[in-house]
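K.L.:
Attaching a single structure in structure tokens format; questions to follow.
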Amino acid sequence: MDRVTSSDRVNYGAVLALAAISFMLLRKWIAGGVCKSCARLDGKTVVITGANTGIGRETARDMARRGARVIMACRDLTRAESAAEYIRRSTGNGNVVIRHLNLASLYSVREFAKEFIATEERLDILINNAGVMMCPKWITEDGFETQLAVNHLGHFLLTNLLLGMLKRSSPSRVVNVSSVAHVGGKIEFDDLFFDKRPYSPLVSYKQSKLANVLFSKELARKMKGTGVSSYCLHPGVIRTELNRHILLWYPMLKTILSLPSMLLMKTPWQGAQTSIYCAVTEGLERKSGCYFSDCAEKHPAPEGKDNAVGRRLWEESARLVGLNNLH
């Protein structure tokens, strides 16, 4: 039998050390950029949708740590209060409140905006973070397919209802959390809700994420000169509850997304960094309308740059949510 020599042990050690270093470098690359801004937000108000879990909670915690009044707009108030208490304790900022918001309901969006305008004095940063990913074909109370309703239409209405306060509080920002999944997406104006074509959770998700990019860009164009800036971002592939519906469609992914693979995904804290970057980085106003990933400006897919589609989407979204009837 061959004997393990001291030379072999040295070689094994070198291989293990090299593997450990390589893994650490890979993890650092996967983690992406980190927001390095030290900007304080004392006296400012931040609204974050879907702030009770995942990157939303981490974003809310960062805003609170910077001294902001943080309003967590969430559907599940029990979980939201638990998250809010965690944020209050961990940051020492007691000015963290929860408000009910169900983005799948236009009535809920209007009620949230009405209460906010009646009770708050300003709005400096609106972070449209909440979303659903590849869920079954669910229809909302307004008759909309859920992914487009929650990921785009609810946020579209919310942002427009709060634009007056954003303008009065300028300079202010709107941060829209999209995804690299917008690549290859298409806005099917003749069948936005899959009434005519077979429903595909992935195609629907890609359409909704492309809508985020187009909305953000068109908002920046419309708000030029008002002091309101708009940004869109890809947070990365993250270990959050957003993936829960994917496993229903693709059970094999449960095995693929086991511990080794999970180690190659961003943590919620890492995934929140680009949202934070867009919200607080000084001098970013000149980049209004741009797309970001890993705390740096990136090029969106060509379909995300189509201004004509962006304008048409705005008009169709306004019609669907009854925006024109509100002014």
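How things are named: the first chain in the structure tokens is A, the next is B, and so on; residues count from 1 in each chain; ligands count from 1 in the order shown.
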Neighbouring residues of region 175-182 of chain A were defined as those with any atom within 8 Å, considering only C-alpha atoms; residues of the same chain fewer than 4 positions away were excluded. Please report them as a PyMOL selection string.
P.N.:
chain A and resi 125-130+205-210+212-213+216+230-236+275+278-279+301+304
K.L.:
Give me, please, the distance in Å between CA of Tyr107 (chain A) and CA of Val321 (chain A), quoted to one decimal.
P.N.:
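Interatomic distance here is 9.9 Å.
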K.L.:
Excluding Lys287 (chain A) and any residue of its chain fewer than 4 positions from it, enumerate the residues within 12 Å of it, using only C-alpha atoms, and give them as a PyMOL selection string.
P.N.:
chain A and resi 173+216-217+220-221+224+228-232+278+281-283+291-292+296-298
K.L.:
Enumerate, as an MDAnalysis selection string, the complete set of residues in region 71-218 of chain A that a backbone-based DSSP assignment places in alpha helix (DSSP H).
P.N.:
chainID A and resid 77:91 106:119 146:148 154:161 163:168 201:218
K.L.:
Check the smallest atom-to-atom distance from each of A:Met63, A:Ile139, A:Val46, A:Ile87 to Tyr199 (chain A) using only C-alpha atoms, then report the winner.
P.N.:
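Of A:Met63, A:Ile139, A:Val46, A:Ile87, the one nearest Tyr199 (chain A) is A:Ile139, counting only C-alpha atoms.
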K.L.:
Between A:Asp306, A:Gly227, A:Ser169, A:Thr267, which one has atoms that come closest to Glu285 (chain A), using only C-alpha atoms?
P.N.:
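The shortest atom-to-atom distance to Glu285 (chain A) comes from A:Gly227.
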K.L.:
Could you list, as a list in words, every residue within 10 Å of Leu106 (chain A), counting only C-alpha atoms and ignoring same-chain residues fewer than 6 positions away?
P.N.:
Phe112, Thr140, Glu141, Asp142, Ala149, Val150, Leu153, Gly154, His155, Leu157, Leu158, Val321 and Gly322 of chain A
K.L.:
Kindly give the distance, in Å, that separates CA of Ser288 (chain A) and CA of Ala211 (chain A), rounded to a single decimal.
P.N.:
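So the answer is 16.8 Å.
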K.L.:
From the set A:Ile117, A:Leu41, A:Val34, A:Ile238, which residue has the shortest atom-to-atom contact distance to Ser172 (chain A), counting only C-alpha atoms?
P.N.:
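The closest residue to Ser172 (chain A) is A:Leu41.
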K.L.:
Select, from A:Arg75, A:Val132, A:Ala68, A:Asn93, the residue with the minimum atom-to-atom distance to Thr146 (chain A), counting only C-alpha atoms.
P.N.:
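Going through A:Arg75, A:Val132, A:Ala68, A:Asn93 one by one, the smallest distance to Thr146 (chain A) is for A:Val132.
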K.L.:
Rounded to one decimal in Å, what is the spacing between CA of Ala84 (chain A) and CA of Ile48 (chain A)?
P.N.:
11.9 Å
K.L.:
Give me, as a compact mmCIF listing (two decimals) with N, CA and C atoms, in the first residue's frame, all polymer residues having an atom no more than 9 Å from Val70 (chain A), counting only C-alpha atoms and skipping those fewer than 5 positions away in the same chain.
P.N.:
```txt
# COMPACT_ATOMS: atom_id res chain seq x y z
N LYS A 44 -35.75 62.87 6.65
CA LYS A 44 -36.32 62.43 5.37
C LYS A 44 -37.23 61.22 5.59
N THR A 45 -38.17 61.05 4.66
CA THR A 45 -39.13 59.96 4.74
C THR A 45 -38.95 59.02 3.55
N VAL A 46 -38.92 57.74 3.86
CA VAL A 46 -38.73 56.71 2.84
C VAL A 46 -39.90 55.72 2.90
N VAL A 47 -40.48 55.42 1.75
CA VAL A 47 -41.51 54.39 1.64
C VAL A 47 -40.91 53.21 0.89
N ILE A 48 -41.08 52.00 1.44
CA ILE A 48 -40.57 50.79 0.79
C ILE A 48 -41.70 49.77 0.73
N ALA A 60 -34.93 48.51 4.16
CA ALA A 60 -35.57 49.30 5.21
C ALA A 60 -34.64 49.48 6.40
N ARG A 61 -33.93 48.44 6.76
CA ARG A 61 -33.00 48.52 7.89
C ARG A 61 -31.88 49.52 7.61
N MET A 63 -32.07 52.14 5.55
CA MET A 63 -32.64 53.48 5.57
C MET A 63 -32.84 53.96 7.01
N ALA A 64 -33.28 53.05 7.88
CA ALA A 64 -33.48 53.39 9.30
C ALA A 64 -32.14 53.70 9.96
N ASN A 95 -38.43 55.38 14.63
CA ASN A 95 -39.31 56.02 13.64
C ASN A 95 -39.52 55.11 12.43
N VAL A 96 -39.93 53.89 12.70
CA VAL A 96 -40.21 52.89 11.67
C VAL A 96 -41.64 52.43 11.85
N VAL A 97 -42.48 52.66 10.84
CA VAL A 97 -43.91 52.35 10.96
C VAL A 97 -44.36 51.45 9.82
N ILE A 98 -45.46 50.76 10.04
CA ILE A 98 -46.01 49.89 8.99
C ILE A 98 -47.35 50.45 8.53
```
K.L.:
Using only C-alpha atoms, which of A:Leu284, A:Ala83, A:Val203, A:Ile187 sits nearest Gly310 (chain A)?
P.N.:
A:Ile187
K.L.:
Go through region 67-210 of chain A and collect every residue that DSSP, computed from the backbone, puts in strand (DSSP E or B); the answer should be as a list of chain:residue names.
P.N.:
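Strand (DSSP E or B) assignments inside region 67-210 of chain A correspond to A:Arg69, A:Val70, A:Ile71, A:Met72, A:Ala73, A:Cys74, A:Val96, A:Val97, A:Ile98, A:Arg99, A:His100, A:Ile125, A:Leu126, A:Ile127, A:Asn128, A:Ile139, A:Glu145, A:Ser172, A:Arg173, A:Val174, A:Val175, A:Asn176, A:Val177.
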K.L.:
Would you mind exporting N, CA, C and O atoms of the selected residues as a short mmCIF file (atom, residue, chain, number, x, y, z; two decimals), in the first residue's frame?
P.N.:
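Saved file out.cif follows:
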```
data_model
loop_
_atom_site.label_atom_id
_atom_site.label_comp_id
_atom_site.auth_asym_id
_atom_site.auth_seq_id
_atom_site.Cartn_x
_atom_site.Cartn_y
_atom_site.Cartn_z
N ARG A 69 -37.17 58.40 8.49
CA ARG A 69 -38.48 57.86 8.89
C ARG A 69 -38.83 56.84 7.83
O ARG A 69 -38.95 57.17 6.64
N VAL A 70 -39.00 55.59 8.23
CA VAL A 70 -39.22 54.51 7.27
C VAL A 70 -40.66 54.01 7.38
O VAL A 70 -41.12 53.64 8.46
N ILE A 71 -41.35 54.01 6.25
CA ILE A 71 -42.71 53.49 6.19
C ILE A 71 -42.69 52.21 5.38
O ILE A 71 -42.39 52.21 4.18
N MET A 72 -42.97 51.12 6.07
CA MET A 72 -42.97 49.81 5.45
C MET A 72 -44.36 49.49 4.93
O MET A 72 -45.29 49.29 5.71
N ALA A 73 -44.51 49.49 3.62
CA ALA A 73 -45.81 49.27 2.98
C ALA A 73 -45.94 47.79 2.65
O ALA A 73 -45.32 47.30 1.70
N CYS A 74 -46.74 47.07 3.43
CA CYS A 74 -46.79 45.61 3.34
C CYS A 74 -48.21 45.08 3.34
O CYS A 74 -49.12 45.69 3.89
N VAL A 96 -39.93 53.89 12.70
CA VAL A 96 -40.21 52.89 11.67
C VAL A 96 -41.64 52.43 11.85
O VAL A 96 -42.00 51.88 12.89
N VAL A 97 -42.48 52.66 10.84
CA VAL A 97 -43.91 52.35 10.96
C VAL A 97 -44.36 51.45 9.82
O VAL A 97 -43.71 51.39 8.76
N ILE A 98 -45.46 50.76 10.04
CA ILE A 98 -46.01 49.89 8.99
C ILE A 98 -47.35 50.45 8.53
O ILE A 98 -48.09 51.06 9.28
N ARG A 99 -47.63 50.24 7.26
CA ARG A 99 -48.90 50.63 6.67
C ARG A 99 -49.36 49.50 5.75
O ARG A 99 -48.54 48.87 5.08
N HIS A 100 -50.65 49.26 5.71
CA HIS A 100 -51.16 48.18 4.86
C HIS A 100 -51.17 48.60 3.39
O HIS A 100 -51.62 49.68 3.04
N ILE A 125 -37.94 59.42 -0.71
CA ILE A 125 -37.52 58.24 -1.48
C ILE A 125 -38.66 57.23 -1.49
O ILE A 125 -39.16 56.84 -0.43
N LEU A 126 -39.06 56.81 -2.68
CA LEU A 126 -40.04 55.75 -2.84
C LEU A 126 -39.32 54.57 -3.49
O LEU A 126 -38.80 54.68 -4.60
N ILE A 127 -39.31 53.43 -2.79
CA ILE A 127 -38.64 52.24 -3.31
C ILE A 127 -39.70 51.19 -3.63
O ILE A 127 -40.30 50.59 -2.72
N ASN A 128 -39.94 50.99 -4.92
CA ASN A 128 -40.91 50.01 -5.39
C ASN A 128 -40.23 48.65 -5.44
O ASN A 128 -39.68 48.23 -6.47
N ILE A 139 -55.88 35.72 -10.93
CA ILE A 139 -56.50 36.95 -11.41
C ILE A 139 -56.87 37.81 -10.20
O ILE A 139 -57.48 37.33 -9.25
N GLU A 145 -53.97 39.89 -14.50
CA GLU A 145 -53.05 38.79 -14.18
C GLU A 145 -52.11 39.27 -13.09
O GLU A 145 -51.61 40.39 -13.13
N SER A 172 -35.98 64.34 -4.90
CA SER A 172 -36.51 63.07 -4.40
C SER A 172 -36.25 61.98 -5.44
O SER A 172 -35.91 62.27 -6.59
N ARG A 173 -36.44 60.75 -5.02
CA ARG A 173 -36.10 59.63 -5.91
C ARG A 173 -37.15 58.53 -5.87
O ARG A 173 -37.76 58.27 -4.84
N VAL A 174 -37.30 57.87 -7.03
CA VAL A 174 -38.11 56.66 -7.15
C VAL A 174 -37.17 55.55 -7.60
O VAL A 174 -36.47 55.69 -8.60
N VAL A 175 -37.14 54.47 -6.84
CA VAL A 175 -36.26 53.34 -7.14
C VAL A 175 -37.14 52.13 -7.46
O VAL A 175 -37.95 51.71 -6.63
N ASN A 176 -36.97 51.57 -8.65
CA ASN A 176 -37.79 50.46 -9.11
C ASN A 176 -36.95 49.19 -9.21
O ASN A 176 -35.98 49.13 -9.97
N VAL A 177 -37.31 48.18 -8.43
CA VAL A 177 -36.58 46.92 -8.46
C VAL A 177 -37.10 46.06 -9.60
O VAL A 177 -38.23 45.59 -9.58
#
```
K.L.:
Name the residues in contact with Ile55 (chain A) at a cut-off of 8 Å, using only C-alpha atoms, excluding same-chain residues fewer than 5 positions from it; report them as a ChimeraX atom specification.
P.N.:
/A:240,268-269,271-272
K.L.:
Suppose we keep C-alpha atoms; can you now write the selection as a JSON list (two decimals), in the first residue's frame?
P.N.:
```json
[["chain", "number", "residue", "atom", "x", "y", "z"],
["A", 240, "THR", "CA", -35.33, 34.96, -0.66],
["A", 268, "PRO", "CA", -30.68, 39.51, 1.13],
["A", 269, "TRP", "CA", -28.17, 42.05, 2.50],
["A", 271, "GLY", "CA", -29.07, 41.84, -2.85],
["A", 272, "ALA", "CA", -30.23, 45.09, -1.23]]
```
K.L.:
Find, counting only C-alpha atoms, the residue in A:Thr78, A:Asn324, A:Ser37, A:Asn160 that gets nearest to Thr53 (chain A).
P.N.:
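Using only C-alpha atoms, Thr53 (chain A) sits closest to A:Thr78.
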